[in-house]
Structure formats: C-alpha cells, structure tokens
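For reference, the structure is listed below as structure tokens.
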Amino acid sequence: MKAFRLIYLKRLPFALCISVFLLFALWLSSPLLPTLAKPETQIFEQVWHTVNDNFYDPKLNGVNWAAIKTKYQPQLERSKSSKEVANVFNQMLSELKTSHTHYYTQDESAYYQLLGIFYARSTDLPKRLREIFSKGKFEYTGIGLFTKDINGKTFISSILDDSPAAKAGLKVGDEIISVDGKEYQPIRSFAGKVGQKVKILIQRSPQLSSRQEVAVVPKIYDAGTMFLEAQTASIQVIEQANRKIGYIHIWSNAADQYQQTLQDELIYGRLKNAEGLILDLRDGWGGGEISYLNIFTAEKTPSLTSVQRNGRRYTYYYQWKKPVVMLVNEGSRSSKEILAFNFQQNQIGPVIGTKTTGAVVAGRPYIMQDGSLLYLAVADVFLNGNQRLEGKGVTPDIEVPFSLEYAQGADPQKQKAVETVLKSL
C-alpha cells in the first residue's frame, strides 16, 4: 500500500502538488485555526448549546439565538482575559431578559454558593467538580460580605452575621478602596490568606478624610452550611418600650433545614418568648417552598403540653399567632418573592422595605467543561395558576427607601420594622 501511494504521488503533476502544498500552508496560517483551538471558544459553544437546548421557553423569548451567536462570537475572539470572556457570555445571556440566567467563574463567591445550595447532597457530581473540590465541600476563602458596584465604586451591600467582616467592624455602605493595596476581588483578594490579617482600605463617607484601614482575618467558608450558620447567628431579641421583639435573617431558604431551624427557634428556642417578630428576607438566595409559611397560617394546629415528674408543665404552640412583619428589598429574589407575595395574600402582616427584584423562574446550574457554571432558567413559574412575578416583583405594604452609598451601617428598614411591631403590640 505504501509503495502504491508513493508511485501515485510521483505521478501527480508538479503544479498540482504545489497547489496542494500552498492550500495546506494557507490553512495552517489561517486565523480560524487558533480560534477553533481556543478553550474559551469551546466554552462559548457549550454555553450557547446548553441555552438552546434547555432554556424554559423553546422560542427563547423571541430572541434569534443563532443571530446572537454570530453577534457575540467576534467579541469573544477579541477578549484578552477570563474576566472579559465572562463579560461577553453574560452580555449574550442578558439578551434573553430573564433572571436565573448567568455565567459564573471560580473568581466569584456566587459560584461556590450556588454549588453549595444545589449540590450539597448530590451524589452525581460531575467528574470535573470532584477534581476541583476533592474534599466534597464547596469551600472558598472570604470575609462574609456582599458588594454592589455603583458608578464605578464598590460598596458593601450586606454582611453575614458573625462573619470576619462583621467582627472587624466593616459596615453596610462602606466603599471598598483596596485590599492589601490592590483592587478588591471577591475571591482572589483573600485566597491563601486564611488566619492572616488582611488590610482593607475603606471610605465611610463622601469625604476622603473618612478613609481608614481595617484589618480583617479571612476564614474558609463551606457554601453548604454558611447561610444556616449566619441565620442562626442573626437571631436577636430587641428590647424597646418594655417589649421584646424577635428578629431573624433568612439568608437562604433553599433547604428544609433553614425552615426547621426557624420553627425550632420560634417554638422552643431564643424567639419563643418574643412578643413580635421581624422576618428578614433581604439579600442572599431563595429556593424554598410556599409551605414554609405554614407556621404563620395553619389555623387548626393544636398546642402540646408536657408535664414532667416534678410537676413542671411546658406548653408549645406550633403556630406563631403573635404580630410578625417581613423585610424585603431588591436583593430578595426567587422563592423569597413568592413568600412575600403569599405573606400579603394571607394578610399575615405588613411587608416592609423596597420592591423585590422580580426574579421568579426556576433555575438550575450546568457545569461547563472547564469547571465554570452556567445558571439557567429551565421552568417558568406562576402563582394561583396565572400570576407571574418574573419581571414584576412584589411591592411592599410599607415602602422604606434605602440609600446604600456611605450608609455607615444605618438600617432604616429594620428600624421601621421595629416601630411597626411596637405599634401592633
């Protein structure tokens, strides 16, 4: 066979051989070849096809998805960093105008938090994730805060209870100038610095003179447990005007354990003797069920009394019949908005704060071949058969504006909630 091929090539006209050689050389020098070989191009294809095959609306909200691919592929080819690549992906996904549709990388805390919420109990983790998280936990190093970019500046929008950020005295509304002299980055600023002091330069007011350096000691966060720990740490009994008002912040309600902890605290724990309750659903993540409000709505739940040997009687009420208010803001999303809607529908109490974000579809994460994460809307959601909150949100009964920039830790929404409960008592 080899001899035959050799004889055949020898018989080819010389001009034809030259033409074949030139075509091969041109193909090798073509800009298309390195483009096809670039890993980000492969991820782009995977993201595009995942959306095309799994987005909840087969018509993709009327978007010409093939044209969108043609529009953004040249931008991807011009990208010079992983951050620019992610920006291109998210600009493309934003064309769908749907919540629960975003691309995340390992440089974002949301990447780990979503994995912790969705995969904490999963037994079918993709092989790539097992390689990245060999311990079976979705861990990252951080200080427990969320930020929001406003006019090119980064402000602290919320702080997890009992976090390194809270212990160091950082406040909601602080502008982050730098971390150890470099630009703030949610993951990279703290990577490899567990137990070490990190110097964060903040600005607390519009005046430059308010700048100060705060030392914070990062810790490892387990995304599967961090929100439950913060919820437990948030519990307070606020004493004002000789009254006791309970407070709890539900950072995430994506699993039954969050709701069970709330019920245990209301029935047996630190909140059982409170005369009123503030249920804070601001910021964080959603994921819970409508049944989570049963403790406030179940009319026929009996009380339970136990009598011990010494004659002591303990009575437990499995329904909260005392005044309760709910706090929401533009960071309350997904199932938290459903709870706020149901809270109003059942007239459990007033909803206080600012309008929710209007992000009420069902999403699920897809792991890309490089370990990055595509969070995609896979089902539409309606309440009472025809009520759709996506793009609309829930308007509070009592609207309380909140100006984040240089708020210096003030919380007018929480203060209004305290006043409202006191009035109801």
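Every chain in the structure tokens has a letter given in the order shown (A, B, ...), and although residue numbers restart at 1 in each chain, ligands are simply numbered from 1 in the order shown.
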Excluding Gln196 (chain A) and residues on its chain fewer than 5 positions from it, collect all residues at most 12 Å away from it, counting only C-alpha atoms, and give them as number ranges by chain. A: 141-143, 164, 180, 190-191, 215-220
Listing only residues of region 311-396 of chain A within 10 Å of region 244-247 of chain A, what is the closest atom pair and its distance in Å (to one decimal) for each, using only C-alpha atoms, sorted by chain and residue number ascending, as JSON lines?
{"residue": "A:Pro323", "atom": "CA", "partner": "A:Ile245", "partner_atom": "CA", "distance": 9.5}
{"residue": "A:Val324", "atom": "CA", "partner": "A:Gly246", "partner_atom": "CA", "distance": 9.1}
{"residue": "A:Val325", "atom": "CA", "partner": "A:Tyr247", "partner_atom": "CA", "distance": 9.8}
Counting only C-alpha atoms, which residue out of A:Ile248, A:Ile348, A:Ile290, A:Leu281 sits closest to Arg333 (chain A)? A:Leu281
Using only C-alpha atoms for the distances, tell me which of A:Leu201, A:Leu114, A:Ala223, A:Val378 is nearest to Thr50 (chain A). A:Val378
With a distance cut-off of 6 Å and only C-alpha atoms, select the neighbouring residues of region 100-106 of chain A, excluding the residue or stretch itself and same-chain residues fewer than 5 positions from it, and output the selection as a list in words.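 Final neighbour list, sorted by chain and number: Asn90, Tyr111, Gly363, Ser372, Leu373, Leu374, Tyr375, Leu376 and Ala377 of chain A.
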Ranking A:Ser205, A:Ser82, A:Leu60, A:Val418 by minimum distance to Pro350 (chain A) and counting only C-alpha atoms, which one comes first? A:Val418
Skipping near chain neighbours, those fewer than 6 positions away, what residues fall within 12 Å of region 268-277 of chain A using only C-alpha atoms, listed as a ChimeraX atom specification? /A:232-249,260-262,296,304,314-327,348-350,414,417-425
Point-to-point distance in Å for CA of Leu266 (chain A) and CA of Leu170 (chain A):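 If I compute the distance from CA of Leu170 (chain A) to CA of Leu266 (chain A), I get 29.7 Å.
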Near Ala359 (chain A), counting only C-alpha atoms, which residues have an atom at most 12 Å away, once you skip same-chain residues fewer than 2 positions from it, shown as number ranges by chain? A: 97-101, 285-287, 330-338, 355-357, 361-363, 377, 380-381, 388-394
Go ahead and save the picked residues with N, CA, C and O atoms, as a short mmCIF file (atom, residue, chain, number, x, y, z; two decimals), in the first residue's frame.
data_model
loop_
_atom_site.label_atom_id
_atom_site.label_comp_id
_atom_site.auth_asym_id
_atom_site.auth_seq_id
_atom_site.Cartn_x
_atom_site.Cartn_y
_atom_site.Cartn_z
N LYS A 97 -33.24 38.42 28.61
CA LYS A 97 -34.05 39.22 29.54
C LYS A 97 -34.81 38.34 30.53
O LYS A 97 -36.02 38.47 30.74
N THR A 98 -34.07 37.45 31.17
CA THR A 98 -34.65 36.51 32.12
C THR A 98 -33.71 36.34 33.31
O THR A 98 -32.50 36.28 33.15
N SER A 99 -34.29 36.25 34.49
CA SER A 99 -33.48 36.01 35.69
C SER A 99 -32.99 34.57 35.72
O SER A 99 -33.33 33.76 34.85
N HIS A 100 -32.22 34.23 36.74
CA HIS A 100 -31.69 32.88 36.89
C HIS A 100 -30.93 32.43 35.64
O HIS A 100 -30.91 31.24 35.30
N THR A 101 -30.33 33.37 34.94
CA THR A 101 -29.60 33.07 33.71
C THR A 101 -28.31 33.89 33.73
O THR A 101 -28.31 35.08 33.39
N TRP A 285 -30.07 34.22 48.99
CA TRP A 285 -30.62 33.36 47.96
C TRP A 285 -32.00 32.85 48.34
O TRP A 285 -32.40 32.90 49.51
N GLY A 286 -32.75 32.34 47.36
CA GLY A 286 -34.08 31.82 47.61
C GLY A 286 -34.08 30.31 47.66
O GLY A 286 -33.22 29.69 48.28
N GLY A 287 -35.05 29.68 46.98
CA GLY A 287 -35.08 28.23 46.86
C GLY A 287 -36.09 27.50 47.70
O GLY A 287 -36.23 26.29 47.57
N GLU A 330 -34.50 44.83 47.02
CA GLU A 330 -34.23 44.39 45.65
C GLU A 330 -33.32 43.17 45.61
O GLU A 330 -33.16 42.54 44.55
N GLY A 331 -32.74 42.79 46.74
CA GLY A 331 -31.93 41.57 46.83
C GLY A 331 -32.74 40.36 47.24
O GLY A 331 -32.22 39.25 47.30
N SER A 332 -34.05 40.54 47.50
CA SER A 332 -34.94 39.41 47.80
C SER A 332 -35.41 38.85 46.47
O SER A 332 -36.06 39.54 45.69
N ARG A 333 -35.09 37.61 46.20
CA ARG A 333 -35.37 37.06 44.88
C ARG A 333 -35.91 35.64 44.96
O ARG A 333 -35.86 35.00 46.00
N SER A 334 -36.42 35.21 43.83
CA SER A 334 -36.85 33.83 43.64
C SER A 334 -37.93 33.45 44.66
O SER A 334 -38.93 34.15 44.79
N SER A 335 -37.74 32.37 45.41
CA SER A 335 -38.79 31.92 46.33
C SER A 335 -39.06 32.92 47.44
O SER A 335 -40.15 32.91 48.02
N LYS A 336 -38.10 33.78 47.75
CA LYS A 336 -38.36 34.81 48.76
C LYS A 336 -39.46 35.76 48.29
O LYS A 336 -40.24 36.26 49.10
N GLU A 337 -39.51 35.98 46.99
CA GLU A 337 -40.57 36.82 46.45
C GLU A 337 -41.91 36.12 46.51
O GLU A 337 -42.95 36.75 46.75
N ILE A 338 -41.89 34.80 46.30
CA ILE A 338 -43.12 34.03 46.42
C ILE A 338 -43.63 34.09 47.86
O ILE A 338 -44.83 34.24 48.12
N LYS A 355 -39.13 47.34 46.73
CA LYS A 355 -39.68 46.34 45.81
C LYS A 355 -38.67 45.25 45.50
O LYS A 355 -37.49 45.52 45.30
N THR A 356 -39.14 44.01 45.48
CA THR A 356 -38.26 42.88 45.19
C THR A 356 -37.86 42.89 43.71
O THR A 356 -38.44 43.60 42.90
N THR A 357 -36.88 42.07 43.38
CA THR A 357 -36.22 42.19 42.08
C THR A 357 -37.02 41.64 40.90
O THR A 357 -36.77 42.00 39.76
N VAL A 361 -38.35 32.63 38.26
CA VAL A 361 -38.43 31.44 37.41
C VAL A 361 -37.58 30.38 38.11
O VAL A 361 -36.88 30.69 39.07
N ALA A 362 -37.64 29.16 37.64
CA ALA A 362 -36.84 28.10 38.25
C ALA A 362 -35.54 27.95 37.48
O ALA A 362 -35.54 27.84 36.26
N GLY A 363 -34.42 27.94 38.21
CA GLY A 363 -33.12 27.80 37.57
C GLY A 363 -32.39 26.56 38.04
O GLY A 363 -32.71 26.00 39.10
N ALA A 377 -32.36 29.47 33.51
CA ALA A 377 -33.79 29.34 33.77
C ALA A 377 -34.35 28.17 32.96
O ALA A 377 -34.28 28.17 31.73
N ASP A 380 -40.76 28.14 33.82
CA ASP A 380 -41.49 29.34 34.20
C ASP A 380 -42.29 29.05 35.47
O ASP A 380 -42.57 27.88 35.78
N VAL A 381 -42.67 30.09 36.20
CA VAL A 381 -43.36 29.91 37.48
C VAL A 381 -44.58 30.84 37.54
O VAL A 381 -44.47 32.04 37.26
N ARG A 388 -47.82 35.83 37.46
CA ARG A 388 -46.39 35.71 37.15
C ARG A 388 -45.64 36.88 37.75
O ARG A 388 -45.95 38.05 37.47
N LEU A 389 -44.63 36.59 38.58
CA LEU A 389 -43.86 37.64 39.25
C LEU A 389 -42.56 37.98 38.52
O LEU A 389 -41.93 38.99 38.83
N GLU A 390 -42.15 37.14 37.57
CA GLU A 390 -40.93 37.41 36.82
C GLU A 390 -41.03 38.78 36.14
O GLU A 390 -41.98 39.08 35.42
N GLY A 391 -40.04 39.62 36.41
CA GLY A 391 -40.02 40.96 35.83
C GLY A 391 -40.92 41.95 36.53
O GLY A 391 -40.94 43.14 36.17
N LYS A 392 -41.68 41.52 37.53
CA LYS A 392 -42.61 42.41 38.23
C LYS A 392 -42.21 42.62 39.69
O LYS A 392 -42.14 43.74 40.17
N GLY A 393 -41.99 41.53 40.41
CA GLY A 393 -41.62 41.64 41.81
C GLY A 393 -42.81 41.90 42.71
O GLY A 393 -43.97 41.89 42.29
N VAL A 394 -42.52 42.14 43.97
CA VAL A 394 -43.54 42.40 45.00
C VAL A 394 -43.30 43.77 45.59
O VAL A 394 -42.20 44.08 46.04
#
